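Here the structure comes first, spelled out in structure tokens, and everything after it is commentary.
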Amino acid sequence: MIMLSAAARVIAPVLAARFDTDSKAFHHANTESRAAAIAAGTKLRASARALAEAFGSATFDRTRTMAIIESISSEAISPRFTDYTGSTQSVMAVDTLLNAMVNAGQVPPGSAQAIRGDINRAYAAVKDPNDYRPLEFRRALGSAVRTIRTLR
């Protein structure tokens with residue numbers, strides 16, 4: 001969800017806001033009733049379809065991919081961001097996007113390799129939910145993202 005929301009904010013900001021609102025409403029509706037969940041799910045499905053159409057017609061070039069990484073990291077390395085699941089999703093998203101840029105020829109493999117140590121440290125900080133280390137995670141991912149920024 002973190003990568004999806006970040007990509008939506010970059011590619012289709014208006015749809016991103018709608019998707020976020022509908023997602024929250026869906027999660028809340030699940031605590032109310034089956035009918036409320038179905039109604040909210042229908043609305044969320046429409047938002048997701050609109051996003052899928054926007055993604056289908058968008059180009060994910062280097063600039064946009066960097067903006068998505070920036071969006072993910074702005075939430076992930078914030079001192080307020082201490083959620084294990086979100087941290088795990090964030091490091092996986094940054095890693096996936098960096099690999100995608102290498103595979104698309106947008107970032108040289110050697111440059112990506114230089115970032116690998118920080119990404120691995122971020123993974124290590126979220127390896128075990130019972131031993132989650134948020135400060136270590138934020139430092140490692142923050143360092144990775146600072147290095148990624150130099151690749152612009």
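We name chains A, B, ... following the order of the structure tokens; residues begin at 1 in each chain, and ligands are numbered from 1 as shown.
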Residues within 10 Å of Phe137 in chain A, only C-alpha atoms, excluding chain neighbours under 3 positions, as a PyMOL selection string: chain A and resi 76-77+82+84+87-88+91+118-126+132-134+140-143
Go ahead and write the selection's residues with N, CA, C and O atoms as a PDB file, in the first residue's frame.
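This went into selection_37.pdb:
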```pdb
ATOM      1  N   ALA A  76       8.815   7.254   5.492  1.00  0.00           N
ATOM      2  CA  ALA A  76       9.502   6.148   6.155  1.00  0.00           C
ATOM      3  C   ALA A  76      10.569   6.589   7.135  1.00  0.00           C
ATOM      4  O   ALA A  76      10.780   5.925   8.137  1.00  0.00           O
ATOM      5  N   ILE A  77      11.252   7.682   6.855  1.00  0.00           N
ATOM      6  CA  ILE A  77      12.352   8.065   7.740  1.00  0.00           C
ATOM      7  C   ILE A  77      11.968   9.151   8.721  1.00  0.00           C
ATOM      8  O   ILE A  77      12.800   9.610   9.489  1.00  0.00           O
ATOM      9  N   THR A  82       7.079   4.884  13.012  1.00  0.00           N
ATOM     10  CA  THR A  82       7.680   3.784  13.774  1.00  0.00           C
ATOM     11  C   THR A  82       6.910   2.478  13.608  1.00  0.00           C
ATOM     12  O   THR A  82       7.080   1.563  14.379  1.00  0.00           O
ATOM     13  N   TYR A  84       6.106  -1.067  12.246  1.00  0.00           N
ATOM     14  CA  TYR A  84       6.890  -2.178  11.696  1.00  0.00           C
ATOM     15  C   TYR A  84       6.457  -2.515  10.269  1.00  0.00           C
ATOM     16  O   TYR A  84       7.286  -2.609   9.358  1.00  0.00           O
ATOM     17  N   SER A  87       7.370   0.156   7.785  1.00  0.00           N
ATOM     18  CA  SER A  87       8.815   0.187   7.562  1.00  0.00           C
ATOM     19  C   SER A  87       9.232  -0.944   6.633  1.00  0.00           C
ATOM     20  O   SER A  87      10.033  -0.746   5.715  1.00  0.00           O
ATOM     21  N   THR A  88       8.683  -2.121   6.859  1.00  0.00           N
ATOM     22  CA  THR A  88       8.992  -3.263   6.007  1.00  0.00           C
ATOM     23  C   THR A  88       8.585  -2.977   4.564  1.00  0.00           C
ATOM     24  O   THR A  88       9.355  -3.210   3.624  1.00  0.00           O
ATOM     25  N   VAL A  91      11.064  -0.309   2.872  1.00  0.00           N
ATOM     26  CA  VAL A  91      12.372  -0.772   2.391  1.00  0.00           C
ATOM     27  C   VAL A  91      12.197  -1.683   1.173  1.00  0.00           C
ATOM     28  O   VAL A  91      12.987  -1.602   0.225  1.00  0.00           O
ATOM     29  N   ASP A 118      23.269  -0.039   2.736  1.00  0.00           N
ATOM     30  CA  ASP A 118      22.247   0.664   3.528  1.00  0.00           C
ATOM     31  C   ASP A 118      20.902  -0.045   3.442  1.00  0.00           C
ATOM     32  O   ASP A 118      20.194  -0.170   4.443  1.00  0.00           O
ATOM     33  N   ILE A 119      20.554  -0.504   2.259  1.00  0.00           N
ATOM     34  CA  ILE A 119      19.284  -1.213   2.112  1.00  0.00           C
ATOM     35  C   ILE A 119      19.303  -2.504   2.923  1.00  0.00           C
ATOM     36  O   ILE A 119      18.322  -2.838   3.592  1.00  0.00           O
ATOM     37  N   ASN A 120      20.415  -3.201   2.890  1.00  0.00           N
ATOM     38  CA  ASN A 120      20.522  -4.434   3.687  1.00  0.00           C
ATOM     39  C   ASN A 120      20.423  -4.145   5.182  1.00  0.00           C
ATOM     40  O   ASN A 120      19.828  -4.928   5.927  1.00  0.00           O
ATOM     41  N   ARG A 121      20.997  -3.030   5.642  1.00  0.00           N
ATOM     42  CA  ARG A 121      20.868  -2.658   7.053  1.00  0.00           C
ATOM     43  C   ARG A 121      19.406  -2.326   7.391  1.00  0.00           C
ATOM     44  O   ARG A 121      18.928  -2.665   8.473  1.00  0.00           O
ATOM     45  N   ALA A 122      18.698  -1.689   6.468  1.00  0.00           N
ATOM     46  CA  ALA A 122      17.274  -1.401   6.692  1.00  0.00           C
ATOM     47  C   ALA A 122      16.486  -2.706   6.775  1.00  0.00           C
ATOM     48  O   ALA A 122      15.623  -2.871   7.647  1.00  0.00           O
ATOM     49  N   TYR A 123      16.786  -3.651   5.880  1.00  0.00           N
ATOM     50  CA  TYR A 123      16.135  -4.962   5.947  1.00  0.00           C
ATOM     51  C   TYR A 123      16.433  -5.647   7.281  1.00  0.00           C
ATOM     52  O   TYR A 123      15.555  -6.257   7.885  1.00  0.00           O
ATOM     53  N   ALA A 124      17.670  -5.575   7.731  1.00  0.00           N
ATOM     54  CA  ALA A 124      18.049  -6.223   8.996  1.00  0.00           C
ATOM     55  C   ALA A 124      17.272  -5.638  10.171  1.00  0.00           C
ATOM     56  O   ALA A 124      16.895  -6.356  11.099  1.00  0.00           O
ATOM     57  N   ALA A 125      16.985  -4.334  10.113  1.00  0.00           N
ATOM     58  CA  ALA A 125      16.253  -3.679  11.204  1.00  0.00           C
ATOM     59  C   ALA A 125      14.796  -4.112  11.263  1.00  0.00           C
ATOM     60  O   ALA A 125      14.148  -3.970  12.306  1.00  0.00           O
ATOM     61  N   VAL A 126      14.267  -4.646  10.155  1.00  0.00           N
ATOM     62  CA  VAL A 126      12.867  -5.094  10.123  1.00  0.00           C
ATOM     63  C   VAL A 126      12.747  -6.604   9.932  1.00  0.00           C
ATOM     64  O   VAL A 126      11.656  -7.112   9.682  1.00  0.00           O
ATOM     65  N   TYR A 132      12.232  -5.437  16.065  1.00  0.00           N
ATOM     66  CA  TYR A 132      12.190  -4.284  15.166  1.00  0.00           C
ATOM     67  C   TYR A 132      12.944  -3.114  15.791  1.00  0.00           C
ATOM     68  O   TYR A 132      12.751  -2.778  16.945  1.00  0.00           O
ATOM     69  N   ARG A 133      13.817  -2.508  14.994  1.00  0.00           N
ATOM     70  CA  ARG A 133      14.642  -1.402  15.469  1.00  0.00           C
ATOM     71  C   ARG A 133      14.360  -0.164  14.617  1.00  0.00           C
ATOM     72  O   ARG A 133      15.043   0.082  13.609  1.00  0.00           O
ATOM     73  N   PRO A 134      13.357   0.640  14.992  1.00  0.00           N
ATOM     74  CA  PRO A 134      12.938   1.778  14.155  1.00  0.00           C
ATOM     75  C   PRO A 134      14.026   2.824  13.923  1.00  0.00           C
ATOM     76  O   PRO A 134      14.145   3.344  12.819  1.00  0.00           O
ATOM     77  N   ALA A 140      19.287   3.767   8.302  1.00  0.00           N
ATOM     78  CA  ALA A 140      19.739   3.007   7.135  1.00  0.00           C
ATOM     79  C   ALA A 140      18.983   3.420   5.872  1.00  0.00           C
ATOM     80  O   ALA A 140      19.592   3.678   4.827  1.00  0.00           O
ATOM     81  N   LEU A 141      17.663   3.497   5.963  1.00  0.00           N
ATOM     82  CA  LEU A 141      16.896   3.876   4.777  1.00  0.00           C
ATOM     83  C   LEU A 141      17.179   5.325   4.413  1.00  0.00           C
ATOM     84  O   LEU A 141      17.289   5.668   3.237  1.00  0.00           O
ATOM     85  N   GLY A 142      17.317   6.178   5.412  1.00  0.00           N
ATOM     86  CA  GLY A 142      17.649   7.573   5.147  1.00  0.00           C
ATOM     87  C   GLY A 142      18.967   7.700   4.404  1.00  0.00           C
ATOM     88  O   GLY A 142      19.096   8.480   3.456  1.00  0.00           O
ATOM     89  N   SER A 143      19.965   6.935   4.811  1.00  0.00           N
ATOM     90  CA  SER A 143      21.255   6.952   4.142  1.00  0.00           C
ATOM     91  C   SER A 143      21.134   6.450   2.703  1.00  0.00           C
ATOM     92  O   SER A 143      21.708   7.033   1.774  1.00  0.00           O
TER      93      SER A 143
END
```
Shell of 8 Å around Ile115 in chain A, only C-alpha atoms, local chain residues under 5 positions omitted, as a PyMOL selection string: chain A and resi 144+147-148
Go ahead and dump the residues you just picked, all heavy atoms, as a JSON list (two decimals), in the first residue's frame.
```
[["chain", "number", "residue", "atom", "x", "y", "z"],
["A", 144, "ALA", "N", 20.37, 5.39, 2.51],
["A", 144, "ALA", "CA", 20.15, 4.86, 1.15],
["A", 144, "ALA", "C", 19.49, 5.92, 0.27],
["A", 144, "ALA", "O", 19.92, 6.15, -0.87],
["A", 144, "ALA", "CB", 19.30, 3.60, 1.20],
["A", 147, "THR", "N", 21.78, 8.73, -0.78],
["A", 147, "THR", "CA", 22.66, 8.31, -1.87],
["A", 147, "THR", "C", 21.89, 8.22, -3.18],
["A", 147, "THR", "O", 22.39, 8.63, -4.23],
["A", 147, "THR", "CB", 23.35, 6.97, -1.53],
["A", 147, "THR", "OG1", 24.03, 7.10, -0.29],
["A", 147, "THR", "CG2", 24.34, 6.58, -2.61],
["A", 148, "ILE", "N", 20.67, 7.71, -3.14],
["A", 148, "ILE", "CA", 19.84, 7.63, -4.34],
["A", 148, "ILE", "C", 19.62, 9.04, -4.91],
["A", 148, "ILE", "O", 19.65, 9.24, -6.12],
["A", 148, "ILE", "CB", 18.51, 6.92, -4.06],
["A", 148, "ILE", "CG1", 18.75, 5.43, -3.80],
["A", 148, "ILE", "CG2", 17.52, 7.11, -5.20],
["A", 148, "ILE", "CD1", 17.55, 4.68, -3.26]]
```
List the neighbours of Lys24 in chain A out to 10 Å using only C-alpha atoms; skip same-chain residues closer than 4 positions along the sequence, and give me the result as a PDB file with N, CA and C atoms, in the first residue's frame.
```pdb
ATOM      1  N   PHE A  19      -8.214   7.797  -3.503  1.00  0.00           N
ATOM      2  CA  PHE A  19      -7.893   6.422  -3.142  1.00  0.00           C
ATOM      3  C   PHE A  19      -7.611   6.315  -1.641  1.00  0.00           C
ATOM      4  N   ASP A  20      -6.820   7.246  -1.112  1.00  0.00           N
ATOM      5  CA  ASP A  20      -6.512   7.228   0.330  1.00  0.00           C
ATOM      6  C   ASP A  20      -7.780   7.372   1.166  1.00  0.00           C
ATOM      7  N   HIS A  28     -12.508   1.356   7.854  1.00  0.00           N
ATOM      8  CA  HIS A  28     -13.447   1.725   8.921  1.00  0.00           C
ATOM      9  C   HIS A  28     -14.777   0.983   8.760  1.00  0.00           C
ATOM     10  N   ALA A  29     -15.249   0.876   7.529  1.00  0.00           N
ATOM     11  CA  ALA A  29     -16.531   0.216   7.271  1.00  0.00           C
ATOM     12  C   ALA A  29     -16.510  -1.249   7.691  1.00  0.00           C
ATOM     13  N   ALA A  40     -18.455   0.455   0.830  1.00  0.00           N
ATOM     14  CA  ALA A  40     -17.149   1.106   0.824  1.00  0.00           C
ATOM     15  C   ALA A  40     -16.189   0.380  -0.124  1.00  0.00           C
ATOM     16  N   LEU A  44     -14.094   1.852  -3.214  1.00  0.00           N
ATOM     17  CA  LEU A  44     -12.648   1.668  -3.290  1.00  0.00           C
ATOM     18  C   LEU A  44     -12.251   1.004  -4.608  1.00  0.00           C
TER      19      LEU A  44
END
```
Non-local contacts of Ser57 in chain A (12 Å; only C-alpha atoms; under 5 positions in same chain excluded) as JSON, numbers by chain: {"A": [11, 12, 50, 51, 52]}
Produce a file of the selected residues containing C-alpha atoms, as a short mmCIF file (atom, residue, chain, number, x, y, z; two decimals), in the first residue's frame.
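Okay, again-v4.cif is ready:
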```
data_model
loop_
_atom_site.label_atom_id
_atom_site.label_comp_id
_atom_site.auth_asym_id
_atom_site.auth_seq_id
_atom_site.Cartn_x
_atom_site.Cartn_y
_atom_site.Cartn_z
CA ILE A 11 1.26 10.01 -11.18
CA ALA A 12 -2.27 11.15 -10.29
CA ALA A 50 -9.23 4.86 -11.97
CA LEU A 51 -5.69 4.60 -10.61
CA ALA A 52 -5.00 1.55 -12.77
#
```
Sel. of helix (DSSP H, G or I) residues, range 5-150 of chain A, as a ChimeraX atom specification: /A:5-11,13-29,34-57,62-76,84-103,109-125,129-131,134-149
Output for the residues just chosen: C-alpha atoms as a short mmCIF file (atom, residue, chain, number, x, y, z; two decimals), in the first residue's frame:
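This is the output file out-v5.cif:
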```
data_model
loop_
_atom_site.label_atom_id
_atom_site.label_comp_id
_atom_site.auth_asym_id
_atom_site.auth_seq_id
_atom_site.Cartn_x
_atom_site.Cartn_y
_atom_site.Cartn_z
CA SER A 5 0.01 5.41 -2.48
CA ALA A 6 3.38 6.98 -3.27
CA ALA A 7 3.09 6.15 -6.97
CA ALA A 8 -0.44 7.52 -7.02
CA ARG A 9 0.70 10.81 -5.43
CA VAL A 10 3.29 11.21 -8.19
CA ILE A 11 1.26 10.01 -11.18
CA PRO A 13 -2.40 13.33 -7.15
CA VAL A 14 -6.16 13.92 -7.27
CA LEU A 15 -6.86 10.22 -7.64
CA ALA A 16 -4.34 9.51 -4.87
CA ALA A 17 -6.30 11.61 -2.43
CA ARG A 18 -9.52 9.86 -3.46
CA PHE A 19 -7.89 6.42 -3.14
CA ASP A 20 -6.51 7.23 0.33
CA THR A 21 -9.90 8.49 1.49
CA ASP A 22 -11.69 5.45 0.07
CA SER A 23 -9.12 3.06 1.59
CA LYS A 24 -9.57 4.54 5.04
CA ALA A 25 -13.34 4.46 4.65
CA PHE A 26 -13.19 0.80 3.61
CA HIS A 27 -11.10 -0.17 6.65
CA HIS A 28 -13.45 1.73 8.92
CA ALA A 29 -16.53 0.22 7.27
CA ARG A 34 -21.16 -6.15 6.12
CA ALA A 35 -23.38 -3.76 4.15
CA ALA A 36 -21.12 -0.81 4.99
CA ALA A 37 -18.04 -2.83 3.99
CA ILE A 38 -19.60 -3.81 0.66
CA ALA A 39 -20.58 -0.23 -0.12
CA ALA A 40 -17.15 1.11 0.82
CA GLY A 41 -15.46 -1.73 -1.09
CA THR A 42 -17.40 -0.84 -4.22
CA LYS A 43 -16.24 2.75 -3.91
CA LEU A 44 -12.65 1.67 -3.29
CA ARG A 45 -12.75 -0.62 -6.34
CA ALA A 46 -13.78 2.35 -8.51
CA SER A 47 -10.90 4.39 -7.13
CA ALA A 48 -8.47 1.53 -7.75
CA ARG A 49 -9.70 1.14 -11.33
CA ALA A 50 -9.23 4.86 -11.97
CA LEU A 51 -5.69 4.60 -10.61
CA ALA A 52 -5.00 1.55 -12.77
CA GLU A 53 -6.07 3.54 -15.84
CA ALA A 54 -3.84 6.45 -14.83
CA PHE A 55 -0.89 4.09 -14.30
CA GLY A 56 -1.58 2.37 -17.63
CA SER A 57 -1.21 5.61 -19.54
CA ARG A 62 13.68 8.14 -13.98
CA THR A 63 12.25 11.45 -12.71
CA ARG A 64 8.95 9.93 -11.68
CA THR A 65 10.58 6.87 -10.12
CA MET A 66 12.87 9.14 -8.09
CA ALA A 67 9.81 11.14 -7.01
CA ILE A 68 8.10 7.92 -5.87
CA ILE A 69 11.19 6.95 -3.85
CA GLU A 70 11.21 10.44 -2.35
CA SER A 71 7.54 10.12 -1.41
CA ILE A 72 8.08 6.73 0.24
CA SER A 73 11.14 7.86 2.12
CA SER A 74 9.62 11.10 3.34
CA GLU A 75 7.16 9.01 5.33
CA ALA A 76 9.50 6.15 6.15
CA TYR A 84 6.89 -2.18 11.70
CA THR A 85 4.67 -3.10 8.75
CA GLY A 86 5.06 0.29 7.10
CA SER A 87 8.81 0.19 7.56
CA THR A 88 8.99 -3.26 6.01
CA GLN A 89 6.91 -2.14 3.04
CA SER A 90 9.03 0.98 2.65
CA VAL A 91 12.37 -0.77 2.39
CA MET A 92 10.92 -3.35 -0.01
CA ALA A 93 9.46 -0.56 -2.15
CA VAL A 94 12.70 1.44 -2.30
CA ASP A 95 14.66 -1.73 -3.09
CA THR A 96 12.19 -2.73 -5.83
CA LEU A 97 12.22 0.73 -7.40
CA LEU A 98 16.02 0.94 -7.33
CA ASN A 99 16.24 -2.48 -9.01
CA ALA A 100 13.67 -1.39 -11.60
CA MET A 101 15.76 1.67 -12.44
CA VAL A 102 18.86 -0.49 -12.85
CA ASN A 103 16.95 -2.95 -15.08
CA PRO A 109 24.54 -1.19 -11.57
CA GLY A 110 27.67 -0.02 -9.76
CA SER A 111 25.82 2.97 -8.32
CA ALA A 112 23.03 0.74 -7.09
CA GLN A 113 25.56 -1.64 -5.56
CA ALA A 114 26.95 1.23 -3.50
CA ILE A 115 23.49 1.66 -1.93
CA ARG A 116 23.00 -2.05 -1.22
CA GLY A 117 24.71 -1.93 2.21
CA ASP A 118 22.25 0.66 3.53
CA ILE A 119 19.28 -1.21 2.11
CA ASN A 120 20.52 -4.43 3.69
CA ARG A 121 20.87 -2.66 7.05
CA ALA A 122 17.27 -1.40 6.69
CA TYR A 123 16.13 -4.96 5.95
CA ALA A 124 18.05 -6.22 9.00
CA ALA A 125 16.25 -3.68 11.20
CA PRO A 129 8.90 -8.04 14.20
CA ASN A 130 9.89 -8.93 17.77
CA ASP A 131 13.26 -7.26 17.29
CA PRO A 134 12.94 1.78 14.15
CA LEU A 135 15.84 4.16 14.75
CA GLU A 136 18.28 1.84 12.97
CA PHE A 137 15.74 1.43 10.15
CA ARG A 138 15.30 5.17 9.69
CA ARG A 139 19.06 5.76 9.67
CA ALA A 140 19.74 3.01 7.13
CA LEU A 141 16.90 3.88 4.78
CA GLY A 142 17.65 7.57 5.15
CA SER A 143 21.26 6.95 4.14
CA ALA A 144 20.15 4.86 1.15
CA VAL A 145 17.75 7.56 0.00
CA ARG A 146 20.35 10.32 0.39
CA THR A 147 22.66 8.31 -1.87
CA ILE A 148 19.84 7.63 -4.34
CA ARG A 149 19.21 11.41 -4.51
#
```
CA of Ser33 in chain A to CA of Asp83 in chain A, distance in Å rounded to a single decimal: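 Atom-to-atom, CA of Ser33 in chain A to CA of Asp83 in chain A, that is 27.2 Å.
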Two-atom distance - CA of Phe60 in chain A, CA of Thr150 in chain A (Å):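 Going from CA of Phe60 in chain A over to CA of Thr150 in chain A, I get 19.0 Å.
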